[in-house]
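Student: Please read through the structure below; I'll follow up with questions.
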Amino acid sequence: MFTWTPKSKILIQGITEPLGNYATGKMKDYGTHIVAGVSVGQGGTTLHDIPVFDLVEQAISEVGEIDTSLIFVAPDLILDAALEAIAAGIQQLIIIPAGVPPLDVMQLLNKTHNQDILILGGGSSGVLIPGKVLLGMMNPQGYKPGNVAILSRTDSYLTDEVATILTQAGIGQSMVVHWGTSDMIGANFADWYEALAQDGETEAIVLLEQSAIGNDAAAQAIPKNYSKPVVAYIAGQEIPVNSIPQDSATLIASQISEPFPHTSLASEKIAVCKKAKIPVAKSPYQIAELIRGALKKQKK
């Protein structure tokens with residue numbers, strides 16, 4: 001699991017959607033081995049010289065076993081698309097659109113509970129192994145091969161910015177994973193830390209979080225005495241958070257009229273990192289300095 005190479009066979013569900021069409025061209029130019037696309041009503045056509053089918057099952061019968069499906073369909077169709085891919089035997093799903101209905105996410109996670117199935121997203125920008133394979137929407141120009149993994153739960157632009165800063169500082173990346181920007185996502189944080197602990201290409205990890213995304217801190221899943229150094233950056237540290245109404249009438253009205261104020265503050269996530277003895281950068285530009293220090297300390 002969590003293994004991708006230039007030979008990995010990739011399916012695009014929703015390939016004729018505007019975002020799917022754009023991303024497919026970008027990934028193909030990078031060398032990603034996209035073997036088929038699925039778009040209902042477009043079966044028998046081609047896009048970017050890639051055959052398009054109406055159903056996932058039809059695609060697999062034509063091109064053989066598929067390693068990963070990237071899903072670009074509308075948010076309300078994500079559940080059906082994901083279940084179709086799983087039923088066809090695909091065990092790695094990357095869900096690109098944000099705004100997937102929470103009940104659909106819960107149903108999908110319940111369906112895949114205790115199964116060896118990887119789900120990234122919703123709102124994921126995908127996975128990038130610099131110089132090898134691009135799965136999703138990241139901008140590969142700012143990345144280069146190296147020994148530092150990036151695990152991100154922030155805006156995709158910030159992920160690209162941090163990678164560019166590291167690259168300019170002479171620090172390349174072994175793998176970049178964008179978990180997604182929805183409050184409820186499929187990523188199992190602990191599994192990713194375990195996989196990177198066993199990855200021979202990764203010597204350190206950069207953890208990117210955002211104060212207004214997610215109700216839990218990803219750093220909580222890092223095992224004690226983790227074998228590889230981790231450096232964190234929490235975006236939105238200066239963003240004020242509205243206080244929670246105290247009386248019941250105002251509380252009910254606020255829930256009906258606008259989204260409830262987010263309860264996962266940057267300060268809380270920073271506290272989790274400090275408790276786990278993870279250095280927290282004050283700005284993206286300090287990440288490279290902290291990574292260098294962590295690697296130097298690790299080699300002593």
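Chain identifiers are assigned as A, B, and so on, following the order in which chains appear in the structure tokens; residues are numbered from 1 within each chain, and ligands are numbered from 1 in order of appearance.
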May I have all residues of range 89-125 of chain A that DSSP, computed from the backbone, assigns to strand (DSSP E or B), given as a tab-separated table (two decimals) with C-alpha atoms, in the first residue's frame?
Tutor:
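For reference, part_34.tsv as written:
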chain	number	residue	atom	x	y	z
A	92	GLN	CA	-6.61	3.23	-3.80
A	93	LEU	CA	-8.93	6.21	-4.32
A	94	ILE	CA	-8.05	9.90	-4.49
A	95	ILE	CA	-11.08	12.18	-4.24
A	118	LEU	CA	-6.78	3.83	0.80
A	119	ILE	CA	-8.97	6.93	0.51
A	120	LEU	CA	-7.54	10.43	0.15
Student: Write out as number ranges by chain which residues come within 8 Å of Ser8 in chain A when counting only C-alpha atoms, dropping same-chain ones fewer than 4 positions away.
Tutor: A: 4, 32-33, 66-68
Student: With distances taken over only C-alpha atoms, which residue among A:Gln107, A:Thr46, A:Val148, A:Leu134 lies nearest Lys7 in chain A?
Tutor: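 Using only C-alpha atoms, the shortest distance to Lys7 in chain A belongs to A:Leu134.
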Student: What is the distance between CA of Ala88 in chain A and CA of Asp116 in chain A, in Å to one decimal?
Tutor: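 According to the coordinates, CA of Ala88 in chain A and CA of Asp116 in chain A are separated by 14.3 Å.
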Student: Find, counting only C-alpha atoms, the residue in A:Gly236, A:Pro102, A:Pro140, A:Gly14 that gets nearest to Asp54 in chain A.
Tutor: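 Residue with the minimum atom-to-atom distance to Asp54 in chain A: A:Gly14.
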